[in-house]
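Trainee: Contents of entry-v7.pdb (PDB, C-alpha atoms) are below:
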```pdb
ATOM      1  CA  MET A  22      -5.190  16.914  -4.668
ATOM      2  CA  LYS A  23      -4.171  13.772  -2.871
ATOM      3  CA  ALA A  24      -4.198  12.756   0.793
ATOM      4  CA  THR A  25      -1.504  10.578   2.351
ATOM      5  CA  ARG A  26      -1.285   8.949   5.775
ATOM      6  CA  VAL A  27       2.252   8.623   7.115
ATOM      7  CA  LEU A  28       3.475   6.535  10.046
ATOM      8  CA  VAL A  29       6.957   7.452  11.269
ATOM      9  CA  THR A  30       8.924   5.030  13.455
ATOM     10  CA  GLY A  31      12.065   5.752  15.457
ATOM     11  CA  THR A  32      12.992   8.325  18.073
ATOM     12  CA  VAL A  33      10.189  10.663  17.060
ATOM     13  CA  GLN A  34       8.419  11.563  20.306
ATOM     14  CA  GLY A  35       9.766  14.117  22.763
ATOM     15  CA  VAL A  36      12.156  15.622  20.196
ATOM     16  CA  GLY A  37       9.999  18.294  18.495
ATOM     17  CA  PHE A  38       8.956  16.042  15.615
ATOM     18  CA  ARG A  39       5.326  17.198  15.526
ATOM     19  CA  ASP A  40       6.364  20.861  15.477
ATOM     20  CA  HIS A  41       8.849  20.092  12.693
ATOM     21  CA  ALA A  42       6.089  18.391  10.678
ATOM     22  CA  GLU A  43       3.646  21.249  11.283
ATOM     23  CA  ARG A  44       6.138  23.912  10.151
ATOM     24  CA  ALA A  45       7.015  21.936   7.018
ATOM     25  CA  ALA A  46       3.363  21.280   6.112
ATOM     26  CA  ARG A  47       2.310  24.893   6.641
ATOM     27  CA  ALA A  48       5.252  26.160   4.583
ATOM     28  CA  LEU A  49       4.112  23.864   1.765
ATOM     29  CA  GLY A  50       0.457  24.896   2.072
ATOM     30  CA  LEU A  51      -0.776  21.418   3.028
ATOM     31  CA  ARG A  52      -3.904  20.584   5.022
ATOM     32  CA  GLY A  53      -4.053  17.895   7.688
ATOM     33  CA  TYR A  54      -2.665  16.969  11.070
ATOM     34  CA  VAL A  55       0.148  15.277  12.962
ATOM     35  CA  ARG A  56      -0.087  13.443  16.290
ATOM     36  CA  ASN A  57       1.769  11.071  18.590
ATOM     37  CA  LEU A  58       0.509   7.498  18.744
ATOM     38  CA  PRO A  59       0.499   5.433  21.958
ATOM     39  CA  ASP A  60       2.956   2.932  20.435
ATOM     40  CA  GLY A  61       5.712   5.570  20.068
ATOM     41  CA  ARG A  62       5.181   6.358  16.390
ATOM     42  CA  VAL A  63       4.050   9.662  14.898
ATOM     43  CA  GLU A  64       1.117   9.761  12.478
ATOM     44  CA  ALA A  65       0.598  12.519   9.922
ATOM     45  CA  VAL A  66      -2.223  12.892   7.428
ATOM     46  CA  ALA A  67      -1.606  15.518   4.764
ATOM     47  CA  SER A  68      -3.484  16.659   1.683
ATOM     48  CA  GLY A  69      -2.221  18.734  -1.216
ATOM     49  CA  PRO A  70      -0.570  18.557  -4.620
ATOM     50  CA  GLN A  71       1.606  15.485  -5.222
ATOM     51  CA  ASP A  72       4.872  17.455  -5.549
ATOM     52  CA  ARG A  73       4.317  19.216  -2.217
ATOM     53  CA  LEU A  74       3.447  15.933  -0.508
ATOM     54  CA  ALA A  75       6.719  14.483  -1.791
ATOM     55  CA  ARG A  76       8.630  17.420  -0.266
ATOM     56  CA  PHE A  77       6.729  16.957   3.007
ATOM     57  CA  LEU A  78       7.681  13.266   3.105
ATOM     58  CA  ALA A  79      11.328  14.216   2.572
ATOM     59  CA  GLU A  80      11.098  16.537   5.598
ATOM     60  CA  LEU A  81       9.565  13.760   7.698
ATOM     61  CA  ARG A  82      12.345  11.376   6.683
ATOM     62  CA  ARG A  83      14.925  13.986   7.705
ATOM     63  CA  GLY A  84      13.213  14.896  10.990
ATOM     64  CA  PRO A  85      14.380  17.561  13.426
ATOM     65  CA  ARG A  86      17.704  17.561  15.247
ATOM     66  CA  GLY A  87      17.577  14.982  18.030
ATOM     67  CA  SER A  88      15.232  12.635  16.189
ATOM     68  CA  ARG A  89      16.085   9.351  14.515
ATOM     69  CA  VAL A  90      13.775   8.164  11.757
ATOM     70  CA  ASP A  91      13.929   4.401  11.261
ATOM     71  CA  ASP A  92      10.957   3.950   8.936
ATOM     72  CA  VAL A  93       8.367   6.011   7.072
ATOM     73  CA  GLU A  94       5.297   4.091   5.948
ATOM     74  CA  THR A  95       2.856   5.798   3.577
ATOM     75  CA  MET A  96      -0.631   4.928   2.396
ATOM     76  CA  ASP A  97      -3.510   6.670   0.650
ATOM     77  CA  ALA A  98      -5.923   8.406   3.013
ATOM     78  CA  GLU A  99      -9.087  10.441   3.252
ATOM     79  CA  LEU A 100      -9.122  13.858   4.915
ATOM     80  CA  GLU A 101     -12.242  15.502   6.294
ATOM     81  CA  ASP A 102     -13.357  18.488   4.213
ATOM     82  CA  GLU A 103     -13.590  20.723   7.296
ATOM     83  CA  VAL A 104      -9.813  20.531   7.808
ATOM     84  CA  ASP A 105      -8.506  23.725   6.188
ATOM     85  CA  THR A 106      -5.027  24.038   7.681
ATOM     86  CA  PHE A 107      -2.351  21.795   9.219
ATOM     87  CA  VAL A 108      -2.457  21.287  12.996
ATOM     88  CA  VAL A 109      -0.871  19.304  15.809
ATOM     89  CA  ARG A 110      -3.432  17.026  17.439
ATOM     90  CA  ALA A 111      -3.173  15.698  20.979
TER
END
```
How does this structure look as structure tokens?
Mentor:
Amino acid sequence: MKATRVLVTGTVQGVGFRDHAERAARALGLRGYVRNLPDGRVEAVASGPQDRLARFLAELRRGPRGSRVDDVETMDAELEDEVDTFVVRA
């Protein structure tokens, strides 16, 4: 299991991006969260097998209809043990 923090830049707020990320992560059985950041980016932290994380990143790069993804930055992360599903955080 690996955890990855993802910062997505572009037109990613107000277009259903967090819901898109949540659906993709849950379908892949990942744990973690997604949230809007004050600077207009979206942050996601996801934990799971490497192959599923790669598929999740592909979904984030694609984004939902109406979004425009300019950049996806990834880095290793830690995820609290009490997180047992994938949620949208405020």
Trainee: Would you please work out which residue, of A:Leu81, A:Leu28, A:Ala67, A:Arg76, is nearest to A:Leu51 when using only C-alpha atoms?
Mentor: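 Closest to A:Leu51, using only C-alpha atoms: A:Ala67.
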Trainee: Go through the shown structure with the PyMOL selection byres ((chain A and resi 101-108) around 9) and write out the matching residues as a list in words.
Mentor: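 Output of the PyMOL selection byres ((chain A and resi 101-108) around 9): Glu43, Arg44, Ala46, Arg47, Gly50, Leu51, Arg52, Gly53, Tyr54, Val55, Arg56, Ala67, Glu99, Leu100, Val109 and Arg110 of chain A.
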Trainee: Nearest to A:Pro59: which of A:Thr95, A:Met22, A:Ala75, A:Thr30 is it, counting all atoms listed in the file?
Mentor: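 Among the listed residues, A:Thr30 lies closest to A:Pro59.
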Trainee: Smallest atom-to-atom distance to A:Arg39: which of A:Ala79, A:Lys23, A:Pro85, A:Asp60, using only C-alpha atoms?
Mentor: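 Ranking A:Ala79, A:Lys23, A:Pro85, A:Asp60 by distance to A:Arg39, first place goes to A:Pro85.
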Trainee: Evaluating the PyMOL selection byres ((chain A and resi 37) around 10) on the displayed file yields which residues, as a PyMOL selection string?
Mentor: chain A and resi 33-36+38-42+84-88
Trainee: Starting from the displayed file, determine the output of the PyMOL selection byres ((chain A and resi 93) around 10) and express the residue list as an MDAnalysis selection string.
Mentor: chainID A and resid 27:31 62:64 78:79 81:82 90:92 94:95
Trainee: Go through A:Ala111, A:Leu58, A:Ala98, A:Leu49 and flag the residue nearest A:Leu74, using only C-alpha atoms for the distances.
Mentor: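 Of A:Ala111, A:Leu58, A:Ala98, A:Leu49, the one nearest A:Leu74, counting only C-alpha atoms, is A:Leu49.
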Trainee: Nearest to A:Arg26 among A:Asp97, A:Asn57, A:Phe77, A:Gly69, with distances taken over all atoms listed in the file: which residue is it?
Mentor: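 Closest candidate: A:Asp97.
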Trainee: How big is the axis-aligned box, and where does its centre sit, when it encloses all atoms of stretch 40-51 of chain A listed in the file and has 3 Å added on every side, reported in Å to one decimal as lines of an AutoDock Vina configuration file?
Mentor:
```
center_x = 4.0
center_y = 22.3
center_z = 8.6
size_x = 15.6
size_y = 13.8
size_z = 19.7
```
